[in-house]
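Printed here is upload-v2.cif (mmCIF, C-alpha atoms):
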```cif
data_run
#
loop_
_atom_site.label_atom_id
_atom_site.label_comp_id
_atom_site.auth_asym_id
_atom_site.auth_seq_id
_atom_site.Cartn_x
_atom_site.Cartn_y
_atom_site.Cartn_z
CA MET O 1 7.31 -9.17 -5.54
CA LYS O 2 5.31 -5.96 -5.81
CA PRO O 3 1.51 -6.48 -5.80
CA ALA O 4 -0.55 -5.10 -8.65
CA THR O 5 -2.73 -2.04 -8.18
CA LEU O 6 -6.46 -2.36 -7.68
CA ASN O 7 -7.19 -1.10 -11.20
CA GLU O 8 -4.76 -3.59 -12.73
CA LEU O 9 -6.42 -6.41 -10.80
CA LYS O 10 -9.89 -5.27 -11.89
CA ARG O 11 -8.84 -5.22 -15.55
CA GLU O 12 -7.28 -8.66 -15.29
CA ILE O 13 -10.33 -10.13 -13.53
CA LYS O 14 -12.60 -8.86 -16.31
CA GLU O 15 -10.46 -10.73 -18.87
CA ILE O 16 -10.16 -14.06 -17.02
CA PRO O 17 -12.43 -16.91 -18.12
CA GLN O 18 -15.09 -17.85 -15.54
CA GLN O 19 -13.59 -21.24 -14.62
CA LYS O 20 -10.14 -19.77 -13.99
CA LEU O 21 -11.73 -17.01 -11.88
CA LEU O 22 -13.59 -19.62 -9.84
CA ASP O 23 -10.38 -21.60 -9.30
CA THR O 24 -8.57 -18.42 -8.26
CA VAL O 25 -11.25 -17.48 -5.72
CA ILE O 26 -11.26 -20.99 -4.26
CA ARG O 27 -7.49 -20.92 -3.96
CA LEU O 28 -7.66 -17.50 -2.30
CA ILE O 29 -10.13 -18.62 0.37
CA LYS O 30 -8.08 -21.71 1.21
CA TYR O 31 -5.22 -19.72 2.67
CA LYS O 32 -6.83 -17.29 5.07
CA LYS O 33 -9.71 -17.76 7.43
CA GLU O 34 -10.60 -14.07 7.12
CA ASN O 35 -10.97 -14.40 3.34
CA LYS O 36 -13.36 -17.28 3.88
CA GLU O 37 -15.33 -15.29 6.45
CA LEU O 38 -15.57 -12.30 4.10
CA LEU O 39 -16.79 -14.46 1.23
CA THR O 40 -19.35 -16.07 3.56
CA TYR O 41 -20.62 -12.61 4.48
CA LEU O 42 -20.79 -11.48 0.86
CA LEU O 43 -22.57 -14.60 -0.38
CA PHE O 44 -24.93 -15.40 2.47
CA GLU O 45 -25.34 -12.50 4.89
CA ALA O 46 -24.95 -9.20 3.00
CA ASP O 47 -28.58 -9.24 1.84
CA ASP O 48 -29.99 -9.25 5.39
CA GLU O 49 -27.95 -6.77 7.43
CA GLY O 50 -30.38 -6.90 10.36
CA ALA O 51 -29.92 -10.65 10.82
CA TYR O 52 -26.16 -10.21 10.42
CA ILE O 53 -26.09 -7.60 13.20
CA LYS O 54 -28.26 -9.77 15.44
CA GLY O 55 -25.91 -12.72 14.93
CA ILE O 56 -22.89 -10.63 15.89
CA LYS O 57 -24.70 -9.28 18.95
CA ASP O 58 -25.40 -12.87 20.00
CA GLU O 59 -21.72 -13.66 19.55
CA ILE O 60 -20.77 -10.61 21.67
CA ASP O 61 -23.15 -11.82 24.39
CA ALA O 62 -21.61 -15.28 24.33
CA GLN O 63 -18.08 -13.93 24.55
CA TYR O 64 -18.99 -11.65 27.47
CA LYS O 65 -20.39 -14.68 29.31
CA GLU O 66 -17.25 -16.73 28.63
CA MET O 67 -14.86 -13.93 29.60
CA ASN O 68 -12.72 -14.57 32.66
CA LYS O 69 -13.49 -11.75 35.09
CA ASN O 70 -11.27 -12.94 37.94
CA HIS O 71 -8.39 -10.56 37.24
CA ILE O 72 -8.22 -7.25 35.40
CA GLN O 73 -5.56 -8.60 32.99
CA TYR O 74 -7.97 -11.31 31.82
CA VAL O 75 -10.73 -8.73 31.48
CA LYS O 76 -8.49 -6.54 29.28
CA LYS O 77 -7.59 -9.49 27.06
CA GLY O 78 -11.22 -10.56 26.82
CA LEU O 79 -12.47 -7.09 25.93
CA ARG O 80 -9.81 -6.65 23.28
CA LYS O 81 -10.65 -10.04 21.80
CA ILE O 82 -14.33 -9.12 21.56
CA LEU O 83 -13.46 -5.75 20.04
CA ARG O 84 -11.22 -7.39 17.41
CA MET O 85 -14.10 -9.64 16.42
CA VAL O 86 -16.51 -6.68 16.25
CA ASN O 87 -14.10 -4.62 14.14
CA LYS O 88 -13.57 -7.52 11.75
CA HIS O 89 -17.31 -7.79 11.16
CA ILE O 90 -17.62 -4.02 10.76
CA LYS O 91 -14.92 -4.18 8.10
CA PHE O 92 -16.81 -6.95 6.28
CA SER O 93 -20.02 -4.91 6.23
CA GLY O 94 -18.49 -1.55 5.36
CA LYS O 95 -21.70 0.24 6.43
CA LYS O 96 -21.56 3.09 8.93
CA GLU O 97 -24.93 2.14 10.42
CA THR O 98 -23.65 -1.36 11.18
CA GLU O 99 -20.48 0.12 12.67
CA ALA O 100 -22.44 2.45 14.93
CA GLU O 101 -24.88 -0.28 16.01
CA LEU O 102 -22.21 -2.86 16.84
CA LEU O 103 -19.89 -0.47 18.66
CA LEU O 104 -22.81 0.95 20.64
CA TYR O 105 -23.84 -2.56 21.61
CA TYR O 106 -20.26 -3.39 22.62
CA CYS O 107 -20.07 -0.29 24.84
CA GLU O 108 -23.53 -0.88 26.30
CA LYS O 109 -22.55 -4.45 27.21
CA LEU O 110 -19.32 -3.21 28.79
CA LYS O 111 -21.17 -0.60 30.84
CA ASP O 112 -23.84 -3.10 31.95
CA SER O 113 -21.35 -5.90 32.65
CA GLY O 114 -20.42 -4.69 36.12
CA ILE O 115 -16.76 -4.38 35.15
CA ARG O 116 -15.35 -1.26 36.80
CA PHE O 117 -13.52 -0.08 33.72
CA GLN O 118 -13.53 3.55 34.92
CA ARG O 119 -10.92 2.62 37.55
CA HIS O 120 -8.44 1.36 34.96
CA THR O 121 -6.96 3.87 32.54
CA ILE O 122 -6.40 1.36 29.75
CA LEU O 123 -10.00 0.16 29.82
CA LEU O 124 -11.37 3.67 30.15
CA ASN O 125 -9.31 4.78 27.13
CA LEU O 126 -10.53 1.77 25.15
CA TYR O 127 -14.13 2.67 26.00
CA GLU O 128 -13.68 6.36 25.16
CA ARG O 129 -12.03 5.53 21.80
CA GLN O 130 -15.07 3.46 20.89
CA ILE O 131 -17.36 6.38 21.76
CA ILE O 132 -15.30 8.60 19.44
CA LYS O 133 -15.56 6.00 16.65
CA ILE O 134 -19.31 5.77 17.18
CA ARG O 135 -19.71 9.55 16.98
CA LYS O 136 -17.68 9.63 13.77
CA ALA O 137 -19.78 6.87 12.19
CA VAL O 138 -23.06 8.44 13.33
CA SER O 139 -22.11 11.84 11.88
CA THR O 140 -22.32 10.36 8.37
CA LEU O 141 -25.83 8.89 8.81
CA HIS O 142 -29.28 10.33 8.10
CA GLU O 143 -30.49 12.97 10.59
CA ASP O 144 -33.20 10.74 12.12
CA LEU O 145 -30.71 7.96 12.75
CA GLN O 146 -28.22 10.48 14.11
CA TYR O 147 -30.75 11.61 16.68
CA ASP O 148 -31.55 8.05 17.80
CA TYR O 149 -27.91 7.06 18.06
CA THR O 150 -26.98 10.31 19.81
CA LEU O 151 -29.51 9.52 22.55
CA ARG O 152 -27.90 6.11 23.05
CA ILE O 153 -24.41 7.68 23.10
CA GLU O 154 -25.49 10.18 25.75
CA ARG O 155 -26.77 7.30 27.92
CA LEU O 156 -23.33 5.72 27.65
CA GLU O 157 -21.59 8.90 28.73
CA ASP O 158 -23.66 9.33 31.92
#
```
Entire entry expressed as structure tokens:
Amino acid sequence: MKPATLNELKREIKEIPQQKLLDTVIRLIKYKKENKELLTYLLFEADDEGAYIKGIKDEIDAQYKEMNKNHIQYVKKGLRKILRMVNKHIKFSGKKETEAELLLYYCEKLKDSGIRFQRHTILLNLYERQIIKIRKAVSTLHEDLQYDYTLRIERLED
């Protein structure tokens, strides 16, 4: 079955009665946890982006504390898990400022964690890719924000 285009879906949604639309949304959120998380963001957290970012930072802190640092393989898995969570929340927000802030925080936590990621090519590449993503997100922001974020990026690169 070929899915409908976005425009076709928009047209159909405009024509659907409210109760059927409500039933459809409820059915949609039953099947995927990510759909439920996105709807939670849109309904409850999108209005206060600062609190949303703070909550994700707290979650990053908690996951860094729980991460098994006994062996480099566990560290790699833990860092990738945290990054997947961060990227999911960035996707929910869709704002470049949120992307820059969360990725900067992730990299700052990695640098301050005491993990010697510079010795391991895979971890170093992961870190450097995040720096590139941060620079790309920052380049689209207002000049004042660009300056502030650029200072933080330069501290990461030292």
Handout entry: Point-to-point distance from CA of Arg84 in chain O to CA of Tyr31 in chain O, Å rounded to tenths
Key =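 Atom-to-atom, CA of Arg84 in chain O and CA of Tyr31 in chain O are spaced 20.1 Å apart.
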Practice task
For the structure shown, which residues end up in the PyMOL selection byres ((chain O and resi 95-103) around 12)? Put them as a ChimeraX atom specification, please?
Solution key: /O:46,48-61,82-94,104-110,126-142,145-146,148-150,152-153,156
Using C-alpha atoms, can you export the residues from the last selection as an mmCIF file, in the frame of the given file?
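Saved the output as again.cif:
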```
data_model
loop_
_atom_site.group_PDB
_atom_site.id
_atom_site.type_symbol
_atom_site.label_atom_id
_atom_site.label_comp_id
_atom_site.auth_asym_id
_atom_site.auth_seq_id
_atom_site.Cartn_x
_atom_site.Cartn_y
_atom_site.Cartn_z
ATOM 1 C CA ALA O 46 -24.950 -9.200 3.000
ATOM 2 C CA ASP O 48 -29.990 -9.250 5.390
ATOM 3 C CA GLU O 49 -27.950 -6.770 7.430
ATOM 4 C CA GLY O 50 -30.380 -6.900 10.360
ATOM 5 C CA ALA O 51 -29.920 -10.650 10.820
ATOM 6 C CA TYR O 52 -26.160 -10.210 10.420
ATOM 7 C CA ILE O 53 -26.090 -7.600 13.200
ATOM 8 C CA LYS O 54 -28.260 -9.770 15.440
ATOM 9 C CA GLY O 55 -25.910 -12.720 14.930
ATOM 10 C CA ILE O 56 -22.890 -10.630 15.890
ATOM 11 C CA LYS O 57 -24.700 -9.280 18.950
ATOM 12 C CA ASP O 58 -25.400 -12.870 20.000
ATOM 13 C CA GLU O 59 -21.720 -13.660 19.550
ATOM 14 C CA ILE O 60 -20.770 -10.610 21.670
ATOM 15 C CA ASP O 61 -23.150 -11.820 24.390
ATOM 16 C CA ILE O 82 -14.330 -9.120 21.560
ATOM 17 C CA LEU O 83 -13.460 -5.750 20.040
ATOM 18 C CA ARG O 84 -11.220 -7.390 17.410
ATOM 19 C CA MET O 85 -14.100 -9.640 16.420
ATOM 20 C CA VAL O 86 -16.510 -6.680 16.250
ATOM 21 C CA ASN O 87 -14.100 -4.620 14.140
ATOM 22 C CA LYS O 88 -13.570 -7.520 11.750
ATOM 23 C CA HIS O 89 -17.310 -7.790 11.160
ATOM 24 C CA ILE O 90 -17.620 -4.020 10.760
ATOM 25 C CA LYS O 91 -14.920 -4.180 8.100
ATOM 26 C CA PHE O 92 -16.810 -6.950 6.280
ATOM 27 C CA SER O 93 -20.020 -4.910 6.230
ATOM 28 C CA GLY O 94 -18.490 -1.550 5.360
ATOM 29 C CA LEU O 104 -22.810 0.950 20.640
ATOM 30 C CA TYR O 105 -23.840 -2.560 21.610
ATOM 31 C CA TYR O 106 -20.260 -3.390 22.620
ATOM 32 C CA CYS O 107 -20.070 -0.290 24.840
ATOM 33 C CA GLU O 108 -23.530 -0.880 26.300
ATOM 34 C CA LYS O 109 -22.550 -4.450 27.210
ATOM 35 C CA LEU O 110 -19.320 -3.210 28.790
ATOM 36 C CA LEU O 126 -10.530 1.770 25.150
ATOM 37 C CA TYR O 127 -14.130 2.670 26.000
ATOM 38 C CA GLU O 128 -13.680 6.360 25.160
ATOM 39 C CA ARG O 129 -12.030 5.530 21.800
ATOM 40 C CA GLN O 130 -15.070 3.460 20.890
ATOM 41 C CA ILE O 131 -17.360 6.380 21.760
ATOM 42 C CA ILE O 132 -15.300 8.600 19.440
ATOM 43 C CA LYS O 133 -15.560 6.000 16.650
ATOM 44 C CA ILE O 134 -19.310 5.770 17.180
ATOM 45 C CA ARG O 135 -19.710 9.550 16.980
ATOM 46 C CA LYS O 136 -17.680 9.630 13.770
ATOM 47 C CA ALA O 137 -19.780 6.870 12.190
ATOM 48 C CA VAL O 138 -23.060 8.440 13.330
ATOM 49 C CA SER O 139 -22.110 11.840 11.880
ATOM 50 C CA THR O 140 -22.320 10.360 8.370
ATOM 51 C CA LEU O 141 -25.830 8.890 8.810
ATOM 52 C CA HIS O 142 -29.280 10.330 8.100
ATOM 53 C CA LEU O 145 -30.710 7.960 12.750
ATOM 54 C CA GLN O 146 -28.220 10.480 14.110
ATOM 55 C CA ASP O 148 -31.550 8.050 17.800
ATOM 56 C CA TYR O 149 -27.910 7.060 18.060
ATOM 57 C CA THR O 150 -26.980 10.310 19.810
ATOM 58 C CA ARG O 152 -27.900 6.110 23.050
ATOM 59 C CA ILE O 153 -24.410 7.680 23.100
ATOM 60 C CA LEU O 156 -23.330 5.720 27.650
#
```
Handout entry: Two-atom distance - CA of Ala62 in chain O, CA of Lys33 in chain O (Å)
Key =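 Between CA of Ala62 in chain O and CA of Lys33 in chain O the gap is 20.8 Å.
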Practice task
Go through O:Gln18, O:Arg155, O:Leu6, O:Lys30 one by one, measure the shortest atom-to-atom distance of each to Asp112 in chain O using all atoms listed in the file, and give the residue with the smallest value.
Solution key: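 The answer is O:Arg155, which sits nearest to Asp112 in chain O.
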Problem - CA of Leu151 in chain O to CA of Arg80 in chain O, straight-line distance in Å - result: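 Taking CA of Arg80 in chain O as the start and CA of Leu151 in chain O as the end point, the length is 25.5 Å.
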